[in-house]
Number of protein chains: 2
Amino acid sequence: MEALTETDAEGLWEAVQPGGSRRVLLAALEIFSAHGYNASTTREIARRAGMSPAAVYVHYRSKADLLSAMSRTGHAAVLADVRESLVGVEDPVDRLHGLMSTFVAWHARNHTLARVIQYELLELPPDAFAEIRSLRRKFERLLRSELERGIDSGDFHIADLRSTELALLSMGIDVARWWTPQFPTPEHLGANYADLALRMLGAERVAAHS
Amino acid sequence: MEALTETDAEGLWEAVQPGGSRRVLLAALEIFSAHGYNASTTREIARRAGMSPAAVYVHYRSKADLLSAMSRTGHAAVLADVRESLVGVEDPVDRLHGLMSTFVAWHARNHTLARVIQYELLELPPDAFAEIRSLRRKFERLLRSELERGIDSGDFHIADLRSTELALLSMGIDVARWWTPQFPTPEHLGANYADLALRMLGAERVAAHS
């Protein structure tokens with residue numbers, strides 16, 4: 001089993017307190033990533049975290065609780081990063097470039113987490129699923145509003161809005177499936193994909209940072 | 001557990017003979033899709049196929065053998081479909097449009113199979129993995145040669161070839177993650193995505209069929 005890469009760990013997990021709770025969550029992420037959620041056991045997670053199964057239950061009630069917690073952390077983090085990338089940026093072309101490069105880079109940098117939370121989405125218990133769906137819809141509404149901003153300004157020329165949104169989401173999310181450190185860095189890939197996204201949107205100008 | 005949709009079944013499996021062998025393979029696909037490969041058992045597959053576990057082993061030696069067989073079928077099928085779409089087409093813009101719309105539509109139409117073979121790729125035994133990797137490389141070389149054809153003809157203006165290839169692959173493959181019959185039809189989505197792909201390639205003309 002591959003350990004989490006450094007890029008997966010940075011910053012994202014600091015808010016998970018106390019440290020024992022964070023240790024269990026990271027162990028669960030490695031086990032889910034290696035074996036799939038359904039084939040993973042709390043016993044394996046406990047062993048990976050260097051704890052007894054009973055000690056794991058102090059922090060999380062169940063395997064489903066662990067999946068819910070990591071899914072919440074990941075979905076909230078990508079939304080926060082993308083919003084942050086828009087702060088103080090006015091131009092619709094620059095905003096879309098920032099959104100897309102941040103979204104893509106996030107899925108490369110956090111590929112282990114992203115794979116688990118994307119591909120095990122339907123394993124979430126109903127209440128967690130509803131909560132995560134709401135976070136995903138916030139992201140989708142943000143993307144939609146940025147596309148509309150660029151249409152209104154005359155910068156974007158979009159033939160089919162729904163297909164375009166779906167393609168942009170796929171370009172970001174699918175990165176988690178294949179990215180490894182052998183590929184371009186998250187930042188480099190993000191910038192290139194953001195340039196491609198602007199072409200898809202029929203933007204004639206390029207972004208200030210591309 | 002969701003049964004395979006009609007679109008998943010058409011044509012693709014006819015070559016799997018005898019019928020008992022095909023029945024086991026389709027049962028395995030449903031079970032892998034519902035529970036993940038690692039959490040699936042030969043016993044469940046046998047039950048789903050309406051056979052005894054011993055009868056399953058007449059057709060396939062192991063669970064890994066089943067995954068290898070469906071992966072081989074899927075990878076060979078998408079490659080054959082895409083090659084077929086290019087027969088008799090000369091124009092580089094039309095060829096890329098055909099390739100991309102076929103690739104995307106295939107992943108919508110065969111989303112259950114595509115999900116399993118894409119996301120369980122690393123579960124393949126080494127000899128099957130090598131064989132499947134070779135099929136994937138054939139597809140990637142085909143895509144590369146089509147991009148080069150359009151560059152040579154002056155139709156495509158590509159800033160970063162590697163990122164562009166990766167983005168085109170993602171646009172196709174990721175469709176399998178989310179496509180359901182509530183979305184646009186495979187053909188409609190394929191045509192729209194092929195139009196978006198041509199924009200990404202900096203093609204100034206549109207394809208004859210778009």
# chains A, B, ... in the order shown; residues from 1 in each chain; ligands from 1
$ closest_atom_pairs --of "chain B" --to "chain A" --cutoff "10 Å" --atoms "only C-alpha atoms" --output "tab-separated table"
residue	atom	partner	partner_atom	distance
B:Ala34	CA	A:Leu122	CA	9.8
B:His35	CA	A:Asn38	CA	6.4
B:Gly36	CA	A:Gly36	CA	6.8
B:Tyr37	CA	A:Gly36	CA	8.2
B:Asn38	CA	A:Ala39	CA	5.6
B:Ala39	CA	A:Ala39	CA	4.5
B:Ser40	CA	A:Ala39	CA	8.3
B:Arg115	CA	A:Tyr119	CA	9.3
B:Gln118	CA	A:Arg177	CA	8.7
B:Tyr119	CA	A:Arg177	CA	7.7
B:Glu120	CA	A:Gly36	CA	9.4
B:Leu122	CA	A:Ala34	CA	9.8
B:Glu123	CA	A:His35	CA	9.3
B:Ile158	CA	A:Leu196	CA	9.4
B:Ala159	CA	A:Asn192	CA	8.6
B:Asp160	CA	A:Asn192	CA	7.4
B:Arg162	CA	A:Pro184	CA	9.3
B:Ser163	CA	A:Asn192	CA	6.6
B:Thr164	CA	A:Leu196	CA	7.5
B:Leu166	CA	A:Val175	CA	8.6
B:Ala167	CA	A:Met171	CA	5.9
B:Leu168	CA	A:Met171	CA	8.3
B:Leu169	CA	A:Met171	CA	9.0
B:Ser170	CA	A:Asp174	CA	5.6
B:Met171	CA	A:Ser170	CA	5.8
B:Gly172	CA	A:Ser170	CA	8.6
B:Ile173	CA	A:Asp174	CA	7.8
B:Asp174	CA	A:Ser170	CA	5.6
B:Val175	CA	A:Ser170	CA	7.4
B:Arg177	CA	A:Tyr119	CA	7.7
B:Trp178	CA	A:Ser170	CA	9.3
B:Phe183	CA	A:Arg162	CA	9.6
B:Pro184	CA	A:Ser163	CA	8.6
B:His188	CA	A:Ser163	CA	9.5
B:Leu189	CA	A:Ser163	CA	6.9
B:Gly190	CA	A:Ser163	CA	9.6
B:Ala191	CA	A:Ser163	CA	9.9
B:Asn192	CA	A:Ser163	CA	6.6
B:Tyr193	CA	A:Ser163	CA	7.0
B:Asp195	CA	A:Met200	CA	8.8
B:Leu196	CA	A:Met200	CA	5.5
B:Ala197	CA	A:Met200	CA	7.3
B:Leu198	CA	A:Met200	CA	8.3
B:Arg199	CA	A:Met200	CA	5.3
B:Met200	CA	A:Arg199	CA	5.3
B:Leu201	CA	A:Arg199	CA	8.2
B:Gly202	CA	A:Arg199	CA	7.3
$ residues_around --residues "A:Ile31" --least-positions-apart "4" --cutoff "12 Å" --atoms "only C-alpha atoms" --output "number ranges by chain"
A: 1-4, 24-27, 35-49, 63, 66-67, 112-113, 116
$ write_last_selection --atoms "N, CA and C atoms" --output "PDB file, in the first residue's frame"
ATOM      1  N   MET A   1       0.841  -1.198   0.000  1.00  0.00           N
ATOM      2  CA  MET A   1       0.000   0.000   0.000  1.00  0.00           C
ATOM      3  C   MET A   1       0.873   1.243   0.000  1.00  0.00           C
ATOM      4  N   GLU A   2       0.499   2.163  -0.879  1.00  0.00           N
ATOM      5  CA  GLU A   2       1.234   3.416  -0.993  1.00  0.00           C
ATOM      6  C   GLU A   2       0.842   4.346   0.152  1.00  0.00           C
ATOM      7  N   ALA A   3       1.830   4.964   0.756  1.00  0.00           N
ATOM      8  CA  ALA A   3       1.510   5.975   1.771  1.00  0.00           C
ATOM      9  C   ALA A   3       1.001   7.235   1.056  1.00  0.00           C
ATOM     10  N   LEU A   4       0.305   8.060   1.769  1.00  0.00           N
ATOM     11  CA  LEU A   4      -0.152   9.315   1.181  1.00  0.00           C
ATOM     12  C   LEU A   4       1.057  10.140   0.779  1.00  0.00           C
ATOM     13  N   VAL A  24      -6.629   8.708  12.733  1.00  0.00           N
ATOM     14  CA  VAL A  24      -7.585   7.689  12.283  1.00  0.00           C
ATOM     15  C   VAL A  24      -8.105   8.023  10.888  1.00  0.00           C
ATOM     16  N   LEU A  25      -8.422   9.288  10.671  1.00  0.00           N
ATOM     17  CA  LEU A  25      -8.989   9.703   9.383  1.00  0.00           C
ATOM     18  C   LEU A  25      -7.985   9.468   8.243  1.00  0.00           C
ATOM     19  N   LEU A  26      -6.729   9.792   8.482  1.00  0.00           N
ATOM     20  CA  LEU A  26      -5.711   9.587   7.453  1.00  0.00           C
ATOM     21  C   LEU A  26      -5.458   8.099   7.212  1.00  0.00           C
ATOM     22  N   ALA A  27      -5.514   7.299   8.284  1.00  0.00           N
ATOM     23  CA  ALA A  27      -5.363   5.846   8.122  1.00  0.00           C
ATOM     24  C   ALA A  27      -6.524   5.304   7.289  1.00  0.00           C
ATOM     25  N   HIS A  35      -7.984  -0.393  -0.953  1.00  0.00           N
ATOM     26  CA  HIS A  35      -8.850  -1.576  -1.091  1.00  0.00           C
ATOM     27  C   HIS A  35     -10.258  -1.270  -1.552  1.00  0.00           C
ATOM     28  N   GLY A  36     -10.618  -0.002  -1.617  1.00  0.00           N
ATOM     29  CA  GLY A  36     -12.006   0.366  -1.864  1.00  0.00           C
ATOM     30  C   GLY A  36     -12.759   0.394  -0.538  1.00  0.00           C
ATOM     31  N   TYR A  37     -13.762   1.242  -0.442  1.00  0.00           N
ATOM     32  CA  TYR A  37     -14.506   1.414   0.808  1.00  0.00           C
ATOM     33  C   TYR A  37     -15.153   0.116   1.278  1.00  0.00           C
ATOM     34  N   ASN A  38     -15.823  -0.567   0.369  1.00  0.00           N
ATOM     35  CA  ASN A  38     -16.584  -1.755   0.783  1.00  0.00           C
ATOM     36  C   ASN A  38     -15.712  -2.883   1.305  1.00  0.00           C
ATOM     37  N   ALA A  39     -14.488  -2.998   0.787  1.00  0.00           N
ATOM     38  CA  ALA A  39     -13.615  -4.093   1.210  1.00  0.00           C
ATOM     39  C   ALA A  39     -12.740  -3.700   2.406  1.00  0.00           C
ATOM     40  N   SER A  40     -12.881  -2.478   2.909  1.00  0.00           N
ATOM     41  CA  SER A  40     -12.055  -2.025   4.041  1.00  0.00           C
ATOM     42  C   SER A  40     -12.738  -2.367   5.357  1.00  0.00           C
ATOM     43  N   THR A  41     -11.927  -2.631   6.382  1.00  0.00           N
ATOM     44  CA  THR A  41     -12.494  -2.941   7.699  1.00  0.00           C
ATOM     45  C   THR A  41     -11.945  -1.960   8.736  1.00  0.00           C
ATOM     46  N   THR A  42     -12.749  -1.753   9.776  1.00  0.00           N
ATOM     47  CA  THR A  42     -12.313  -0.880  10.866  1.00  0.00           C
ATOM     48  C   THR A  42     -11.064  -1.454  11.530  1.00  0.00           C
ATOM     49  N   ARG A  43     -10.958  -2.760  11.563  1.00  0.00           N
ATOM     50  CA  ARG A  43      -9.778  -3.414  12.137  1.00  0.00           C
ATOM     51  C   ARG A  43      -8.488  -3.008  11.394  1.00  0.00           C
ATOM     52  N   GLU A  44      -8.556  -3.035  10.072  1.00  0.00           N
ATOM     53  CA  GLU A  44      -7.381  -2.614   9.279  1.00  0.00           C
ATOM     54  C   GLU A  44      -7.046  -1.150   9.517  1.00  0.00           C
ATOM     55  N   ILE A  45      -8.086  -0.332   9.599  1.00  0.00           N
ATOM     56  CA  ILE A  45      -7.878   1.100   9.816  1.00  0.00           C
ATOM     57  C   ILE A  45      -7.203   1.328  11.165  1.00  0.00           C
ATOM     58  N   ALA A  46      -7.683   0.613  12.164  1.00  0.00           N
ATOM     59  CA  ALA A  46      -7.103   0.726  13.506  1.00  0.00           C
ATOM     60  C   ALA A  46      -5.629   0.319  13.480  1.00  0.00           C
ATOM     61  N   ARG A  47      -5.335  -0.789  12.799  1.00  0.00           N
ATOM     62  CA  ARG A  47      -3.948  -1.268  12.731  1.00  0.00           C
ATOM     63  C   ARG A  47      -3.070  -0.208  12.060  1.00  0.00           C
ATOM     64  N   ARG A  48      -3.570   0.345  10.955  1.00  0.00           N
ATOM     65  CA  ARG A  48      -2.812   1.361  10.222  1.00  0.00           C
ATOM     66  C   ARG A  48      -2.564   2.609  11.078  1.00  0.00           C
ATOM     67  N   ALA A  49      -3.552   2.924  11.912  1.00  0.00           N
ATOM     68  CA  ALA A  49      -3.429   4.119  12.774  1.00  0.00           C
ATOM     69  C   ALA A  49      -2.625   3.813  14.039  1.00  0.00           C
ATOM     70  N   LYS A  63     -17.369   3.085   9.996  1.00  0.00           N
ATOM     71  CA  LYS A  63     -16.651   3.270   8.740  1.00  0.00           C
ATOM     72  C   LYS A  63     -17.344   4.352   7.902  1.00  0.00           C
ATOM     73  N   LEU A  66     -16.394   7.748   8.980  1.00  0.00           N
ATOM     74  CA  LEU A  66     -15.075   8.135   8.465  1.00  0.00           C
ATOM     75  C   LEU A  66     -15.175   8.632   7.022  1.00  0.00           C
ATOM     76  N   LEU A  67     -15.912   7.899   6.204  1.00  0.00           N
ATOM     77  CA  LEU A  67     -16.079   8.325   4.804  1.00  0.00           C
ATOM     78  C   LEU A  67     -16.769   9.691   4.744  1.00  0.00           C
ATOM     79  N   THR A 112      -5.420  11.428  -3.925  1.00  0.00           N
ATOM     80  CA  THR A 112      -5.844  10.242  -3.157  1.00  0.00           C
ATOM     81  C   THR A 112      -7.209  10.500  -2.510  1.00  0.00           C
ATOM     82  N   LEU A 113      -7.315  11.632  -1.850  1.00  0.00           N
ATOM     83  CA  LEU A 113      -8.591  12.012  -1.232  1.00  0.00           C
ATOM     84  C   LEU A 113      -9.680  12.180  -2.289  1.00  0.00           C
ATOM     85  N   VAL A 116     -11.146   8.892  -3.603  1.00  0.00           N
ATOM     86  CA  VAL A 116     -12.057   8.224  -2.656  1.00  0.00           C
ATOM     87  C   VAL A 116     -13.387   8.961  -2.605  1.00  0.00           C
TER      88      VAL A 116
END
$ atom_distance --atom1 "atom CA of A:Met100" --atom2 "atom CA of A:Thr73"
19.9 Å
$ closest_residue --among "A:Ser52, A:Thr185, A:Ser71, A:Ser33" --to "A:Leu12" --atoms "only C-alpha atoms"
A:Ser71
$ residues_around --residues "A:Ile132" --least-positions-apart "2" --cutoff "10 Å" --atoms "only C-alpha atoms" --output "list in words"
Ser68, Ser71, Arg72, Thr73, Gly74, His75, Ala76, Ile117, Leu121, Leu124, Pro126, Asp127, Ala128, Phe129, Ala130, Ser134, Leu135, Arg136, Arg137 and Lys138 of chain A
$ write_last_selection --atoms "N, CA and C atoms" --output "PDB file, in the first residue's frame"
ATOM      1  N   SER A  68     -17.790   9.866   5.576  1.00  0.00           N
ATOM      2  CA  SER A  68     -18.513  11.144   5.606  1.00  0.00           C
ATOM      3  C   SER A  68     -17.580  12.287   6.005  1.00  0.00           C
ATOM      4  N   SER A  71     -15.106  13.104   3.215  1.00  0.00           N
ATOM      5  CA  SER A  71     -15.807  13.692   2.089  1.00  0.00           C
ATOM      6  C   SER A  71     -16.162  15.150   2.372  1.00  0.00           C
ATOM      7  N   ARG A  72     -16.605  15.400   3.600  1.00  0.00           N
ATOM      8  CA  ARG A  72     -16.943  16.766   4.022  1.00  0.00           C
ATOM      9  C   ARG A  72     -15.689  17.652   3.964  1.00  0.00           C
ATOM     10  N   THR A  73     -14.598  17.160   4.519  1.00  0.00           N
ATOM     11  CA  THR A  73     -13.344  17.922   4.515  1.00  0.00           C
ATOM     12  C   THR A  73     -12.917  18.260   3.088  1.00  0.00           C
ATOM     13  N   GLY A  74     -12.945  17.263   2.211  1.00  0.00           N
ATOM     14  CA  GLY A  74     -12.489  17.477   0.830  1.00  0.00           C
ATOM     15  C   GLY A  74     -13.385  18.436   0.068  1.00  0.00           C
ATOM     16  N   HIS A  75     -14.689  18.215   0.135  1.00  0.00           N
ATOM     17  CA  HIS A  75     -15.605  19.078  -0.608  1.00  0.00           C
ATOM     18  C   HIS A  75     -15.570  20.520  -0.095  1.00  0.00           C
ATOM     19  N   ALA A  76     -15.469  20.677   1.216  1.00  0.00           N
ATOM     20  CA  ALA A  76     -15.396  22.042   1.768  1.00  0.00           C
ATOM     21  C   ALA A  76     -14.089  22.709   1.354  1.00  0.00           C
ATOM     22  N   ILE A 117     -13.365  10.286  -2.458  1.00  0.00           N
ATOM     23  CA  ILE A 117     -14.645  10.968  -2.259  1.00  0.00           C
ATOM     24  C   ILE A 117     -15.466  11.046  -3.545  1.00  0.00           C
ATOM     25  N   LEU A 121     -18.827   8.105  -3.624  1.00  0.00           N
ATOM     26  CA  LEU A 121     -19.903   9.042  -3.275  1.00  0.00           C
ATOM     27  C   LEU A 121     -21.207   8.321  -2.918  1.00  0.00           C
ATOM     28  N   LEU A 124     -22.025   6.899   0.702  1.00  0.00           N
ATOM     29  CA  LEU A 124     -22.324   7.752   1.861  1.00  0.00           C
ATOM     30  C   LEU A 124     -23.706   7.427   2.424  1.00  0.00           C
ATOM     31  N   PRO A 126     -27.399   8.379   3.919  1.00  0.00           N
ATOM     32  CA  PRO A 126     -28.286   9.403   3.353  1.00  0.00           C
ATOM     33  C   PRO A 126     -28.078  10.822   3.886  1.00  0.00           C
ATOM     34  N   ASP A 127     -27.886  10.986   5.196  1.00  0.00           N
ATOM     35  CA  ASP A 127     -27.746  12.355   5.714  1.00  0.00           C
ATOM     36  C   ASP A 127     -26.441  12.999   5.243  1.00  0.00           C
ATOM     37  N   ALA A 128     -25.368  12.228   5.228  1.00  0.00           N
ATOM     38  CA  ALA A 128     -24.088  12.759   4.735  1.00  0.00           C
ATOM     39  C   ALA A 128     -24.181  13.014   3.233  1.00  0.00           C
ATOM     40  N   PHE A 129     -24.850  12.131   2.521  1.00  0.00           N
ATOM     41  CA  PHE A 129     -25.000  12.318   1.076  1.00  0.00           C
ATOM     42  C   PHE A 129     -25.699  13.643   0.779  1.00  0.00           C
ATOM     43  N   ALA A 130     -26.749  13.937   1.532  1.00  0.00           N
ATOM     44  CA  ALA A 130     -27.496  15.185   1.332  1.00  0.00           C
ATOM     45  C   ALA A 130     -26.603  16.403   1.592  1.00  0.00           C
ATOM     46  N   SER A 134     -25.190  19.102  -1.271  1.00  0.00           N
ATOM     47  CA  SER A 134     -25.375  20.545  -1.133  1.00  0.00           C
ATOM     48  C   SER A 134     -24.056  21.295  -1.387  1.00  0.00           C
ATOM     49  N   LEU A 135     -22.931  20.755  -0.895  1.00  0.00           N
ATOM     50  CA  LEU A 135     -21.621  21.374  -1.173  1.00  0.00           C
ATOM     51  C   LEU A 135     -21.290  21.315  -2.665  1.00  0.00           C
ATOM     52  N   ARG A 136     -21.610  20.183  -3.299  1.00  0.00           N
ATOM     53  CA  ARG A 136     -21.341  20.046  -4.740  1.00  0.00           C
ATOM     54  C   ARG A 136     -22.185  21.034  -5.533  1.00  0.00           C
ATOM     55  N   ARG A 137     -23.434  21.227  -5.099  1.00  0.00           N
ATOM     56  CA  ARG A 137     -24.305  22.179  -5.810  1.00  0.00           C
ATOM     57  C   ARG A 137     -23.811  23.607  -5.650  1.00  0.00           C
ATOM     58  N   LYS A 138     -23.243  23.912  -4.488  1.00  0.00           N
ATOM     59  CA  LYS A 138     -22.669  25.254  -4.322  1.00  0.00           C
ATOM     60  C   LYS A 138     -21.560  25.477  -5.341  1.00  0.00           C
TER      61      LYS A 138
END
$ select_by_dssp --residues "stretch 59-169 of chain B" --states "helix (DSSP H, G or I)" --output "PyMOL selection string"
chain B and resi 59+63-86+92-109+111-119+121-123+126-152+161-169
$ residues_around --residues "B:Glu90" --least-positions-apart "2" --cutoff "12 Å" --atoms "only C-alpha atoms" --output "JSON, numbers by chain"
{"B": [85, 86, 87, 88, 92, 93, 94, 95, 96, 97, 98, 146, 149, 150, 153, 207, 208]}
$ write_last_selection --atoms "N, CA and C atoms" --output "PDB file, in the first residue's frame"
ATOM      1  N   SER B  85     -15.166   4.805 -36.799  1.00  0.00           N
ATOM      2  CA  SER B  85     -15.673   6.170 -37.055  1.00  0.00           C
ATOM      3  C   SER B  85     -14.772   6.948 -38.019  1.00  0.00           C
ATOM      4  N   LEU B  86     -13.538   6.468 -38.211  1.00  0.00           N
ATOM      5  CA  LEU B  86     -12.585   7.196 -39.067  1.00  0.00           C
ATOM      6  C   LEU B  86     -12.550   6.678 -40.499  1.00  0.00           C
ATOM      7  N   VAL B  87     -13.173   5.522 -40.719  1.00  0.00           N
ATOM      8  CA  VAL B  87     -13.088   4.890 -42.036  1.00  0.00           C
ATOM      9  C   VAL B  87     -13.718   5.787 -43.103  1.00  0.00           C
ATOM     10  N   GLY B  88     -12.940   6.085 -44.131  1.00  0.00           N
ATOM     11  CA  GLY B  88     -13.451   6.874 -45.244  1.00  0.00           C
ATOM     12  C   GLY B  88     -13.533   8.370 -44.989  1.00  0.00           C
ATOM     13  N   PRO B  92      -9.102  16.304 -41.439  1.00  0.00           N
ATOM     14  CA  PRO B  92      -8.628  16.191 -40.048  1.00  0.00           C
ATOM     15  C   PRO B  92      -9.651  16.694 -39.018  1.00  0.00           C
ATOM     16  N   VAL B  93     -10.391  17.738 -39.366  1.00  0.00           N
ATOM     17  CA  VAL B  93     -11.396  18.281 -38.442  1.00  0.00           C
ATOM     18  C   VAL B  93     -12.544  17.273 -38.276  1.00  0.00           C
ATOM     19  N   ASP B  94     -13.000  16.727 -39.387  1.00  0.00           N
ATOM     20  CA  ASP B  94     -14.070  15.727 -39.327  1.00  0.00           C
ATOM     21  C   ASP B  94     -13.611  14.456 -38.611  1.00  0.00           C
ATOM     22  N   ARG B  95     -12.359  14.063 -38.844  1.00  0.00           N
ATOM     23  CA  ARG B  95     -11.835  12.857 -38.194  1.00  0.00           C
ATOM     24  C   ARG B  95     -11.791  13.029 -36.674  1.00  0.00           C
ATOM     25  N   LEU B  96     -11.296  14.187 -36.223  1.00  0.00           N
ATOM     26  CA  LEU B  96     -11.219  14.405 -34.781  1.00  0.00           C
ATOM     27  C   LEU B  96     -12.618  14.476 -34.177  1.00  0.00           C
ATOM     28  N   HIS B  97     -13.533  15.078 -34.913  1.00  0.00           N
ATOM     29  CA  HIS B  97     -14.916  15.159 -34.431  1.00  0.00           C
ATOM     30  C   HIS B  97     -15.517  13.752 -34.298  1.00  0.00           C
ATOM     31  N   GLY B  98     -15.257  12.912 -35.284  1.00  0.00           N
ATOM     32  CA  GLY B  98     -15.762  11.534 -35.230  1.00  0.00           C
ATOM     33  C   GLY B  98     -15.147  10.748 -34.093  1.00  0.00           C
ATOM     34  N   GLU B 146      -3.951  11.731 -34.738  1.00  0.00           N
ATOM     35  CA  GLU B 146      -5.010  12.610 -35.252  1.00  0.00           C
ATOM     36  C   GLU B 146      -4.721  14.074 -34.922  1.00  0.00           C
ATOM     37  N   ARG B 149      -2.021  15.148 -37.299  1.00  0.00           N
ATOM     38  CA  ARG B 149      -2.592  15.331 -38.632  1.00  0.00           C
ATOM     39  C   ARG B 149      -3.203  16.730 -38.778  1.00  0.00           C
ATOM     40  N   GLY B 150      -3.940  17.140 -37.740  1.00  0.00           N
ATOM     41  CA  GLY B 150      -4.576  18.459 -37.787  1.00  0.00           C
ATOM     42  C   GLY B 150      -3.591  19.611 -37.626  1.00  0.00           C
ATOM     43  N   SER B 153      -1.945  19.912 -41.085  1.00  0.00           N
ATOM     44  CA  SER B 153      -2.819  20.511 -42.099  1.00  0.00           C
ATOM     45  C   SER B 153      -3.084  21.990 -41.810  1.00  0.00           C
ATOM     46  N   ALA B 207     -16.806  20.937 -37.738  1.00  0.00           N
ATOM     47  CA  ALA B 207     -16.880  19.673 -38.465  1.00  0.00           C
ATOM     48  C   ALA B 207     -18.144  19.634 -39.313  1.00  0.00           C
ATOM     49  N   ALA B 208     -18.099  18.820 -40.360  1.00  0.00           N
ATOM     50  CA  ALA B 208     -19.220  18.728 -41.292  1.00  0.00           C
ATOM     51  C   ALA B 208     -20.503  18.253 -40.610  1.00  0.00           C
TER      52      ALA B 208
END
$ closest_residue --among "A:Ala203, A:Val82, A:Val58, A:Ala194" --to "A:Glu140" --atoms "only C-alpha atoms"
A:Val82
